[in-house]
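A.B. asks: Got entry-v2.cif for you, mmCIF, C-alpha atoms:
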```
data_upload
#
loop_
_atom_site.label_atom_id
_atom_site.label_comp_id
_atom_site.auth_asym_id
_atom_site.auth_seq_id
_atom_site.Cartn_x
_atom_site.Cartn_y
_atom_site.Cartn_z
CA MET A 204 -4.77 -110.58 216.97
CA THR A 205 -1.61 -111.80 215.27
CA LEU A 206 -0.15 -110.38 212.08
CA GLY A 207 1.52 -112.64 209.55
CA SER A 208 0.80 -115.41 207.13
CA ILE A 209 0.45 -119.15 207.59
CA SER A 210 3.83 -120.83 207.06
CA PRO A 211 3.70 -124.38 205.68
CA ALA A 212 5.42 -127.17 207.60
CA LYS A 213 9.11 -127.30 206.68
CA SER A 214 12.21 -129.17 207.77
CA ILE A 215 14.89 -127.11 209.55
CA ASP A 216 18.13 -128.88 210.44
CA GLY A 217 16.40 -132.18 210.10
CA GLN A 218 13.59 -131.27 212.54
CA LYS A 219 9.99 -130.97 211.34
CA THR A 220 8.34 -127.64 212.03
CA SER A 221 4.66 -126.98 212.46
CA ALA A 222 2.60 -124.58 210.39
CA ARG A 223 2.06 -121.52 212.55
CA PRO A 224 1.08 -117.89 211.97
CA VAL A 225 4.36 -115.98 211.78
CA GLY A 226 5.33 -112.36 212.28
CA LEU A 227 5.40 -110.13 215.33
CA PRO A 228 2.31 -109.98 217.56
CA TYR A 229 0.21 -106.84 217.69
CA ARG A 230 -1.61 -105.96 220.92
CA ARG A 231 -3.80 -102.93 221.50
CA SER A 232 -2.10 -102.50 224.87
CA GLY A 233 1.18 -101.91 223.05
CA HIS A 234 3.12 -104.38 225.26
CA LEU A 235 3.97 -108.03 225.31
CA PRO A 236 3.60 -109.88 228.61
CA PRO A 237 6.88 -110.49 230.49
CA SER A 238 9.08 -113.32 229.16
CA THR A 239 10.24 -116.12 231.43
CA ASP A 240 12.99 -117.52 229.20
CA PRO A 241 16.29 -117.20 231.14
CA GLU A 242 18.24 -117.10 227.88
CA LEU A 243 16.84 -113.62 227.27
CA GLY A 244 18.61 -112.62 230.47
CA GLY A 245 15.72 -110.92 232.21
CA ILE A 246 15.63 -108.11 229.64
CA LEU A 247 11.92 -108.63 229.20
CA ARG A 248 10.98 -108.91 232.84
CA GLU A 249 8.84 -105.80 232.74
CA GLY A 250 7.41 -106.42 229.25
CA LEU A 251 8.56 -105.08 225.89
CA PRO A 252 6.80 -102.36 223.85
CA CYS A 253 5.14 -103.94 220.82
CA LEU A 254 5.54 -102.68 217.27
CA ALA A 255 2.55 -100.50 216.55
CA SER A 256 1.66 -101.33 212.98
CA ARG A 257 1.82 -103.97 210.31
CA ARG A 258 4.18 -101.80 208.26
CA HIS A 259 6.92 -101.99 210.92
CA VAL A 260 6.98 -105.79 211.05
CA ALA A 261 6.11 -106.94 207.56
CA GLY A 262 8.82 -109.15 206.08
CA PHE A 263 11.27 -108.95 208.99
CA GLY A 264 11.25 -112.34 210.67
CA ASN A 265 9.54 -115.63 211.40
CA ALA A 266 9.14 -117.93 214.38
CA ARG A 267 8.91 -121.71 213.90
CA GLN A 268 8.38 -124.54 216.33
CA TYR A 269 10.42 -127.76 216.35
CA ARG A 270 8.92 -131.15 217.05
CA SER A 271 10.60 -130.96 220.48
CA GLY A 272 8.41 -127.98 221.36
CA ARG A 273 11.24 -125.44 221.28
CA TRP A 274 11.06 -122.38 219.04
CA SER A 275 13.57 -120.77 216.69
CA ALA A 276 13.55 -117.36 215.02
CA THR A 277 14.91 -116.28 211.65
CA TYR A 278 15.06 -113.06 209.67
CA THR A 279 16.58 -111.84 206.42
CA ASP A 280 19.39 -109.31 206.78
CA ARG A 281 20.10 -106.36 204.50
CA ASN A 282 22.32 -108.52 202.31
CA GLY A 283 19.53 -111.00 201.67
CA ARG A 284 21.03 -113.69 203.91
CA THR A 285 18.89 -115.67 206.34
CA GLN A 286 20.02 -115.29 209.94
CA ARG A 287 18.87 -117.64 212.68
CA SER A 288 18.75 -117.09 216.42
CA PRO A 289 21.84 -118.61 218.10
CA GLU A 290 19.61 -120.39 220.63
CA THR A 291 16.12 -121.88 220.70
CA PHE A 292 13.34 -120.57 222.94
CA ALA A 293 10.82 -122.11 225.29
CA THR A 294 7.80 -120.23 223.86
CA GLU A 295 6.71 -118.54 220.66
CA LEU A 296 6.53 -115.26 222.55
CA ASP A 297 10.21 -115.51 223.51
CA ALA A 298 11.18 -116.10 219.88
CA LEU A 299 9.10 -113.18 218.64
CA THR A 300 10.46 -110.95 221.38
CA TRP A 301 14.01 -111.86 220.37
CA LEU A 302 13.16 -110.75 216.84
CA ALA A 303 11.83 -107.46 218.22
CA LEU A 304 15.08 -106.89 220.12
CA VAL A 305 17.19 -107.66 217.04
CA GLN A 306 15.07 -105.35 214.88
CA ALA A 307 15.42 -102.56 217.43
CA ASP A 308 19.20 -103.06 217.65
CA LEU A 309 19.56 -102.96 213.88
CA ALA A 310 17.36 -99.89 213.61
CA HIS A 311 19.62 -98.05 216.08
CA GLY A 312 22.84 -99.24 214.47
CA ARG A 313 23.78 -101.53 217.34
CA ARG A 314 25.54 -104.82 216.78
CA THR A 315 23.89 -108.10 217.70
CA PRO A 316 25.44 -111.54 218.24
CA ILE A 317 24.52 -112.33 214.65
CA THR A 318 26.01 -109.15 213.13
CA SER A 319 29.06 -109.18 215.42
CA PRO A 320 32.48 -109.08 213.72
CA LEU A 321 33.44 -111.97 216.03
CA LYS A 322 30.63 -114.21 214.87
CA GLY A 323 32.05 -117.74 214.76
CA VAL A 324 35.17 -116.92 216.81
CA LEU A 325 35.67 -119.66 219.39
CA PHE A 326 35.96 -118.73 223.03
CA LYS A 327 39.31 -120.52 223.44
CA ASP A 328 40.87 -118.30 220.77
CA TYR A 329 39.28 -115.14 222.15
CA ALA A 330 40.40 -115.98 225.70
CA LYS A 331 43.99 -116.68 224.62
CA ASP A 332 44.13 -113.34 222.83
CA TRP A 333 42.58 -111.66 225.89
CA ILE A 334 45.33 -112.95 228.19
CA ASP A 335 48.19 -112.42 225.74
CA ASN A 336 47.32 -108.75 225.23
CA ARG A 337 47.12 -107.74 228.89
CA PRO A 338 49.97 -106.50 231.12
CA LEU A 339 49.51 -109.21 233.75
CA ALA A 340 51.93 -110.19 236.49
CA ALA A 341 53.53 -113.59 235.92
CA THR A 342 51.65 -115.18 238.81
CA THR A 343 48.33 -113.69 237.67
CA ARG A 344 48.90 -114.89 234.12
CA GLY A 345 49.68 -118.37 235.42
CA LEU A 346 46.55 -118.40 237.58
CA TYR A 347 44.34 -117.34 234.66
CA GLN A 348 45.82 -120.01 232.41
CA ARG A 349 45.22 -122.70 235.04
CA LEU A 350 41.63 -121.56 235.57
CA LEU A 351 40.97 -121.58 231.83
CA LYS A 352 42.42 -125.07 231.40
CA ALA A 353 40.78 -126.66 234.44
CA CYS A 354 37.44 -124.86 234.67
CA ILE A 355 36.40 -122.80 231.66
CA LEU A 356 37.72 -124.26 228.41
CA PRO A 357 36.32 -127.79 228.96
CA THR A 358 32.83 -126.23 228.73
CA PHE A 359 33.19 -123.12 226.58
CA GLY A 360 36.43 -123.67 224.65
CA SER A 361 34.76 -124.82 221.42
CA THR A 362 31.74 -122.50 221.79
CA PRO A 363 31.58 -119.30 219.71
CA VAL A 364 31.77 -116.22 221.92
CA THR A 365 28.41 -115.01 220.63
CA ARG A 366 26.70 -118.25 221.70
CA ILE A 367 27.60 -118.13 225.39
CA THR A 368 24.31 -117.38 227.11
CA PHE A 369 23.14 -116.68 230.62
CA ALA A 370 21.54 -120.13 230.85
CA LYS A 371 24.79 -121.85 229.85
CA VAL A 372 26.82 -119.79 232.33
CA ARG A 373 24.39 -120.57 235.12
CA HIS A 374 24.61 -124.32 234.43
CA TRP A 375 28.41 -124.15 234.16
CA ASN A 376 28.73 -122.25 237.44
CA SER A 377 26.65 -124.85 239.24
CA GLU A 378 28.96 -127.58 237.93
CA GLN A 379 32.06 -125.70 239.08
CA LEU A 380 30.70 -125.33 242.61
CA ASP A 381 30.09 -129.07 242.81
CA LYS A 382 33.44 -129.99 241.27
CA HIS A 383 35.90 -127.43 242.65
CA GLY A 384 34.21 -125.72 245.60
CA GLU A 385 33.35 -122.07 246.25
CA SER A 386 36.83 -120.53 246.09
CA ILE A 387 37.93 -121.95 242.71
CA ALA A 388 34.45 -121.54 241.22
CA ALA A 389 34.38 -117.86 242.22
CA LYS A 390 37.81 -117.20 240.70
CA ALA A 391 36.84 -118.94 237.46
CA TYR A 392 33.56 -117.02 237.30
CA ARG A 393 35.32 -113.67 237.77
CA LEU A 394 37.74 -114.51 234.95
CA LEU A 395 34.95 -115.58 232.59
CA LYS A 396 33.00 -112.44 233.45
CA ALA A 397 36.01 -110.20 232.76
CA ILE A 398 36.63 -111.82 229.37
CA MET A 399 32.98 -111.56 228.35
CA GLU A 400 32.83 -107.95 229.56
CA THR A 401 35.55 -107.12 227.04
CA ALA A 402 33.40 -108.69 224.33
CA VAL A 403 30.52 -106.46 225.42
CA ALA A 404 32.23 -103.14 226.18
CA ASP A 405 35.32 -103.08 223.96
CA ASP A 406 34.62 -105.36 221.01
CA GLU A 407 30.82 -104.86 221.02
CA THR A 408 30.36 -108.54 220.31
CA LEU A 409 27.40 -109.00 222.67
CA PRO A 410 24.59 -106.67 223.72
CA ARG A 411 24.91 -107.82 227.34
CA ASN A 412 27.29 -109.82 229.51
CA PRO A 413 25.92 -113.36 230.05
CA CYS A 414 27.72 -113.54 233.43
CA ARG A 415 25.06 -111.99 235.66
CA ILE A 416 24.72 -114.44 238.54
CA ARG A 417 24.50 -112.41 241.72
CA GLY A 418 27.21 -113.33 244.22
CA ALA A 419 28.84 -115.94 241.97
CA GLY A 420 32.20 -114.12 242.06
CA SER A 421 32.27 -113.74 245.85
CA GLU A 422 34.35 -115.89 248.15
CA HIS A 423 33.68 -116.51 251.83
CA PRO A 424 36.89 -117.97 253.26
CA ALA A 425 36.88 -119.38 256.76
CA GLU A 426 38.49 -117.37 259.54
CA ARG A 427 42.24 -117.91 259.65
CA HIS A 428 44.06 -118.85 262.81
CA THR A 429 46.43 -116.20 264.15
CA ALA A 430 49.46 -117.38 266.09
CA THR A 431 50.26 -115.91 269.48
CA VAL A 432 53.65 -114.29 270.17
CA THR A 433 54.70 -117.37 272.11
CA GLN A 434 53.70 -119.65 269.24
CA VAL A 435 55.63 -117.47 266.75
CA PHE A 436 58.88 -117.77 268.73
CA THR A 437 58.32 -121.50 269.30
CA LEU A 438 57.81 -121.98 265.56
CA ALA A 439 60.86 -119.84 264.71
CA ASN A 440 63.04 -121.96 266.96
CA ALA A 441 61.58 -125.17 265.57
CA VAL A 442 62.42 -124.36 261.91
CA GLY A 443 66.09 -124.05 262.77
CA GLU A 444 68.65 -121.26 262.89
CA ARG A 445 68.86 -120.77 259.10
CA TRP A 446 65.15 -119.99 258.72
CA ARG A 447 64.46 -118.39 262.11
CA LEU A 448 64.73 -114.81 260.84
CA PHE A 449 62.52 -115.73 257.86
CA VAL A 450 59.65 -116.67 260.18
CA LEU A 451 60.16 -113.71 262.52
CA LEU A 452 60.17 -111.18 259.68
CA GLY A 453 57.00 -112.70 258.30
CA ALA A 454 55.31 -112.35 261.69
CA PHE A 455 56.64 -109.01 263.00
CA ALA A 456 57.46 -107.16 259.76
CA THR A 457 54.50 -108.52 257.73
CA LEU A 458 56.72 -109.48 254.81
CA ARG A 459 55.40 -111.95 252.24
CA PRO A 460 57.46 -115.03 251.27
CA GLU A 461 58.05 -113.61 247.77
CA GLU A 462 59.36 -110.37 249.29
CA LEU A 463 61.66 -112.23 251.66
CA ALA A 464 62.93 -114.36 248.77
CA SER A 465 64.08 -111.26 246.86
CA LEU A 466 65.80 -109.50 249.80
CA ARG A 467 69.47 -108.64 249.29
CA ARG A 468 72.06 -107.30 251.69
CA GLU A 469 71.77 -103.76 250.37
CA ASP A 470 68.06 -103.76 251.28
CA ILE A 471 68.75 -104.17 255.01
CA LYS A 472 70.24 -101.49 257.23
CA VAL A 473 71.16 -103.61 260.22
CA ALA A 474 72.36 -100.79 262.49
CA ARG A 475 69.19 -98.77 261.88
CA ARG A 476 66.88 -101.81 261.90
CA LEU A 477 65.38 -100.89 258.52
CA ILE A 478 64.36 -103.00 255.52
CA ARG A 479 63.60 -101.44 252.15
CA ILE A 480 61.13 -103.46 250.04
CA THR A 481 61.50 -102.69 246.32
CA SER A 482 60.92 -106.06 244.65
CA ALA A 483 59.28 -109.47 244.99
CA SER A 484 60.17 -112.90 243.57
CA PRO A 485 57.03 -115.04 243.38
CA GLU A 486 57.67 -118.67 242.54
CA LEU A 487 55.83 -120.06 239.51
CA LEU A 488 54.55 -123.62 239.19
CA ASN A 489 57.54 -124.57 237.06
CA GLY A 490 59.87 -123.64 239.93
CA ARG A 491 61.17 -120.47 238.30
CA ARG A 492 60.97 -117.10 239.97
CA ALA A 493 59.48 -114.02 238.34
CA THR A 494 61.32 -111.18 240.06
CA GLY A 495 59.77 -107.75 239.61
CA ARG A 496 58.11 -104.86 241.33
CA PRO A 497 55.71 -105.48 244.24
CA LYS A 498 52.08 -106.11 243.36
CA SER A 499 51.12 -102.45 243.96
CA GLU A 500 52.73 -99.07 244.54
CA ALA A 501 51.98 -99.47 248.24
CA GLY A 502 54.12 -102.61 248.21
CA THR A 503 57.27 -100.49 247.82
CA ARG A 504 57.93 -99.43 251.39
CA THR A 505 60.37 -99.13 254.28
CA VAL A 506 59.81 -101.43 257.25
CA HIS A 507 61.06 -100.63 260.76
CA LEU A 508 62.04 -103.69 262.79
CA PRO A 509 61.48 -104.11 266.54
CA ALA A 510 64.55 -104.18 268.79
CA ILE A 511 63.66 -107.72 269.86
CA LEU A 512 64.96 -108.94 266.46
CA ASP A 513 68.44 -107.37 266.81
CA GLU A 514 70.28 -110.50 267.91
CA VAL A 515 68.65 -112.80 265.36
CA LEU A 516 69.19 -110.25 262.56
CA HIS A 517 72.93 -109.85 263.28
CA LEU A 518 73.44 -113.61 263.59
CA HIS A 519 71.69 -114.38 260.31
CA MET A 520 73.51 -111.69 258.31
CA ASP A 521 76.86 -112.93 259.64
CA ARG A 522 76.28 -116.66 259.06
CA TYR A 523 73.72 -117.27 256.31
CA ALA A 524 73.34 -114.27 253.98
CA GLU A 525 75.36 -114.31 250.76
CA PRO A 526 78.36 -111.96 250.68
CA GLY A 527 78.40 -108.66 248.80
CA PRO A 528 75.77 -105.91 248.58
CA PHE A 529 73.70 -107.91 246.06
CA GLY A 530 73.92 -111.20 247.96
CA LEU A 531 70.61 -112.89 248.76
CA VAL A 532 69.63 -112.75 252.41
CA PHE A 533 67.90 -116.15 252.40
CA VAL A 534 69.42 -119.18 250.66
CA GLY A 535 69.24 -122.91 251.24
CA GLU A 536 71.87 -125.13 252.80
CA LYS A 537 73.49 -125.71 249.41
CA GLY A 538 73.41 -122.04 248.47
CA ALA A 539 70.32 -122.24 246.25
CA PRO A 540 67.70 -119.44 246.35
CA PHE A 541 64.66 -119.88 248.58
CA ARG A 542 62.23 -122.54 247.33
CA ARG A 543 58.74 -122.70 248.75
CA SER A 544 58.61 -126.48 248.40
CA THR A 545 61.86 -127.01 250.32
CA PHE A 546 60.93 -124.56 253.05
CA GLY A 547 57.42 -126.02 253.17
CA ARG A 548 58.68 -129.41 254.33
CA THR A 549 60.70 -127.78 257.12
CA PHE A 550 57.78 -125.55 258.08
CA ARG A 551 55.23 -128.37 258.29
CA LYS A 552 57.54 -130.46 260.44
CA ALA A 553 58.13 -127.51 262.79
CA ARG A 554 54.44 -126.64 262.91
CA ALA A 555 53.66 -130.05 264.35
CA ASP A 556 55.88 -129.24 267.33
CA VAL A 557 53.98 -126.05 268.23
CA PRO A 558 51.06 -126.64 270.63
CA GLY A 559 47.80 -125.10 269.46
CA LEU A 560 48.67 -124.54 265.80
CA PRO A 561 46.16 -126.26 263.46
CA GLU A 562 47.31 -128.30 260.47
CA ASN A 563 45.99 -125.70 258.01
CA PHE A 564 48.05 -122.89 259.56
CA THR A 565 50.20 -121.40 256.80
CA PHE A 566 53.07 -118.97 256.70
#
```
Could you write out this structure as structure tokens?

C.D. replies:
Amino acid sequence: MTLGSISPAKSIDGQKTSARPVGLPYRRSGHLPPSTDPELGGILREGLPCLASRRHVAGFGNARQYRSGRWSATYTDRNGRTQRSPETFATELDALTWLALVQADLAHGRRTPITSPLKGVLFKDYAKDWIDNRPLAATTRGLYQRLLKACILPTFGSTPVTRITFAKVRHWNSEQLDKHGESIAAKAYRLLKAIMETAVADDETLPRNPCRIRGAGSEHPAERHTATVTQVFTLANAVGERWRLFVLLGAFATLRPEELASLRREDIKVARRLIRITSASPELLNGRRATGRPKSEAGTRTVHLPAILDEVLHLHMDRYAEPGPFGLVFVGEKGAPFRRSTFGRTFRKARADVPGLPENFTF
């Protein structure tokens, strides 16, 4: 049987509603059957305990059906204001179950999307604040801003944080896979999930993170080609004398381009064949370099060079490195610091002269 009174047909947001018995359902079994509405995020997969008496449900909330067939739920809060569910539901049961969840949250003092202090705050504003208040590396900050602009904000920018649901995230993720491919879609999903997790765990804006798609944040890159020793030396010779040591240190000392770009004379002990890595200079999209500590504590290290690099090392330090202990080890022909774009043109031309190296082989 169903508790509640008959509600007359009314107009809500311009849509005609049907007269239906309202109130929470009462079942002798004490449970509602499992809900199938994805917007409830699977919370009700195993069924939800029903309220046991009329006294517990009287006057709390109502469920109404739109002409479209969807259902909405409303209740009156402690201040006498009518609160409506942020989304509509596929069935009456889903709407009533949402009311049961809200009532339980309120009874235990938990916040809901409706009672959240961030109710009405747009995602674009929340995301900007999220990035601005985190100690991110310059390259990471730039990546996050690009992902927001290209992938996330076009869909969720004008959406209140409390109205981002599992169903919306699932649809958005499918679009990103089609538009940008697996790698970019996974990065964007991880960023969105991290931002929404802050809303759940720190700001208590949501009862649950809507980003719950299994495997959506995983990437499966193709196997990368590894150059042989012969190919490395052929490539080093092909790039020219100025950049030969650059290639060889990347191959035999496992130094990243941003680490090589920040090397100075004082970091290299030529006689002892040692290089001390204490900084990195990643290049941003605007061409500027953000020199700072390596990405992790393990990035600060001492690298021992093989004896096979002795001749090339001495030649480069004598001819191409800037003078003085703080002189840059690698500079361009006109004395400018290393630029990835400039080196990239030289590298791609040299790569074409190395038999067996594919076009997607990168430094």

A.B. asks: Considering all atoms listed in the file, return as a list in words whatever protein or nucleic-acid residues lie within 6 Å of region 483-499 of chain A, sequence-local ones (same chain, fewer than 2 positions apart) excluded.

C.D. replies: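 Final neighbour list, sorted by chain and number: Glu461, Glu462, Ser465, Ala501 and Gly502 of chain A.
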
A.B. asks: Go through A:Asp280, A:Glu422, A:Glu469, A:Glu562 and flag the residue nearest Gly530 (chain A), using all atoms listed in the file for the distances.

C.D. replies: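 Closest residue, counting all atoms listed in the file: A:Glu469.
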
A.B. asks: For Val324 (chain A), which of A:Thr437, A:Thr481, A:Asn376, A:Ser361 is the closest residue, counting all atoms listed in the file?

C.D. replies: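 Closest to Val324 (chain A), using all atoms listed in the file: A:Ser361.
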
A.B. asks: Which value, in Å to one decimal, gives the distance between CA of Glu536 (chain A) and CA of Leu516 (chain A)?

C.D. replies: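 Straight-line distance from CA of Glu536 (chain A) to CA of Leu516 (chain A) works out to 18.0 Å.
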
A.B. asks: Write out as a ChimeraX atom specification each polymer residue whose atoms come within 12 Å of Thr429 (chain A), counting all atoms listed in the file; drop sequence neighbours fewer than 6 positions from it.

C.D. replies: /A:435,454,559-561,563-566

A.B. asks: With C-alpha atoms kept, could you save the residues just selected as a tab-separated table (two decimals), in the coordinates of the input?

C.D. replies:
```tsv
chain	number	residue	atom	x	y	z
A	435	VAL	CA	55.63	-117.47	266.75
A	454	ALA	CA	55.31	-112.35	261.69
A	559	GLY	CA	47.80	-125.10	269.46
A	560	LEU	CA	48.67	-124.54	265.80
A	561	PRO	CA	46.16	-126.26	263.46
A	563	ASN	CA	45.99	-125.70	258.01
A	564	PHE	CA	48.05	-122.89	259.56
A	565	THR	CA	50.20	-121.40	256.80
A	566	PHE	CA	53.07	-118.97	256.70
```

A.B. asks: Which of these, A:Cys414, A:Ala330, A:Ala456, A:Ala524, has the shortest distance to Ala510 (chain A) once you count only C-alpha atoms?

C.D. replies: A:Ala456

A.B. asks: Taking the file as shown, what set of residues would the PyMOL selection byres ((chain A and resi 442) around 10) give back, as a list in words?

C.D. replies: Thr437, Leu438, Ala439, Asn440, Ala441, Gly443, Glu444, Arg445, Trp446, Arg447, Leu448, Phe449, Val450, Phe546, Arg548, Thr549, Phe550, Arg551, Lys552, Ala553, Arg554 and Asp556 of chain A

A.B. asks: Taking the file as I've supplied it (selection: the PyMOL selection byres ((chain A and resi 346-349) around 12)), which residues are included? Please answer as a PDB file with C-alpha atoms, in the coordinates of the input.

C.D. replies:
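And here is the file that came out, result.pdb:
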```pdb
ATOM      1  CA  LYS A 327      39.310-120.520 223.440  1.00  0.00           C
ATOM      2  CA  ALA A 330      40.400-115.980 225.700  1.00  0.00           C
ATOM      3  CA  LYS A 331      43.990-116.680 224.620  1.00  0.00           C
ATOM      4  CA  ASP A 332      44.130-113.340 222.830  1.00  0.00           C
ATOM      5  CA  TRP A 333      42.580-111.660 225.890  1.00  0.00           C
ATOM      6  CA  ILE A 334      45.330-112.950 228.190  1.00  0.00           C
ATOM      7  CA  ASP A 335      48.190-112.420 225.740  1.00  0.00           C
ATOM      8  CA  ARG A 337      47.120-107.740 228.890  1.00  0.00           C
ATOM      9  CA  LEU A 339      49.510-109.210 233.750  1.00  0.00           C
ATOM     10  CA  ALA A 340      51.930-110.190 236.490  1.00  0.00           C
ATOM     11  CA  ALA A 341      53.530-113.590 235.920  1.00  0.00           C
ATOM     12  CA  THR A 342      51.650-115.180 238.810  1.00  0.00           C
ATOM     13  CA  THR A 343      48.330-113.690 237.670  1.00  0.00           C
ATOM     14  CA  ARG A 344      48.900-114.890 234.120  1.00  0.00           C
ATOM     15  CA  GLY A 345      49.680-118.370 235.420  1.00  0.00           C
ATOM     16  CA  LEU A 350      41.630-121.560 235.570  1.00  0.00           C
ATOM     17  CA  LEU A 351      40.970-121.580 231.830  1.00  0.00           C
ATOM     18  CA  LYS A 352      42.420-125.070 231.400  1.00  0.00           C
ATOM     19  CA  ALA A 353      40.780-126.660 234.440  1.00  0.00           C
ATOM     20  CA  CYS A 354      37.440-124.860 234.670  1.00  0.00           C
ATOM     21  CA  ILE A 355      36.400-122.800 231.660  1.00  0.00           C
ATOM     22  CA  LEU A 356      37.720-124.260 228.410  1.00  0.00           C
ATOM     23  CA  PRO A 357      36.320-127.790 228.960  1.00  0.00           C
ATOM     24  CA  ILE A 387      37.930-121.950 242.710  1.00  0.00           C
ATOM     25  CA  LYS A 390      37.810-117.200 240.700  1.00  0.00           C
ATOM     26  CA  ALA A 391      36.840-118.940 237.460  1.00  0.00           C
ATOM     27  CA  TYR A 392      33.560-117.020 237.300  1.00  0.00           C
ATOM     28  CA  ARG A 393      35.320-113.670 237.770  1.00  0.00           C
ATOM     29  CA  LEU A 394      37.740-114.510 234.950  1.00  0.00           C
ATOM     30  CA  LEU A 395      34.950-115.580 232.590  1.00  0.00           C
ATOM     31  CA  ALA A 397      36.010-110.200 232.760  1.00  0.00           C
ATOM     32  CA  ILE A 398      36.630-111.820 229.370  1.00  0.00           C
ATOM     33  CA  LEU A 487      55.830-120.060 239.510  1.00  0.00           C
ATOM     34  CA  LEU A 488      54.550-123.620 239.190  1.00  0.00           C
TER      35      LEU A 488
END
```

A.B. asks: Hey, what's within 10 Å of Leu508 (chain A) if we count all atoms listed in the file and toss same-chain stuff fewer than 2 positions away? As a ChimeraX atom specification, please?

C.D. replies: /A:452,455-456,473,475-478,505-506,510-513,516

A.B. asks: I'd like the interatomic distance between CA of Phe359 (chain A) and CA of Ala293 (chain A), to a tenth of an Å.

C.D. replies: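 For CA of Phe359 (chain A) relative to CA of Ala293 (chain A), the distance reads 22.4 Å.
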
A.B. asks: What does the distance from CA of Ala555 (chain A) to CA of Ala425 (chain A) come to in Å, to one decimal?

C.D. replies: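 Distance between the two atoms: 21.3 Å.
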
A.B. asks: Would you write out, as number ranges by chain, every residue that the PyMOL selection byres ((chain A and resi 275) around 7) captures in this file?

C.D. replies: A: 266-268, 273-274, 276-277, 288, 291-292, 298

A.B. asks: Find the axis-aligned box for region 339-358 of chain A, covering all its listed atoms and adding 3 Å on each side, and write its centre and edge lengths in Å to one decimal as JSON.

C.D. replies:
```
{"center_x": 43.2, "center_y": -118.5, "center_z": 233.6, "size_x": 26.7, "size_y": 24.6, "size_z": 16.4}
```
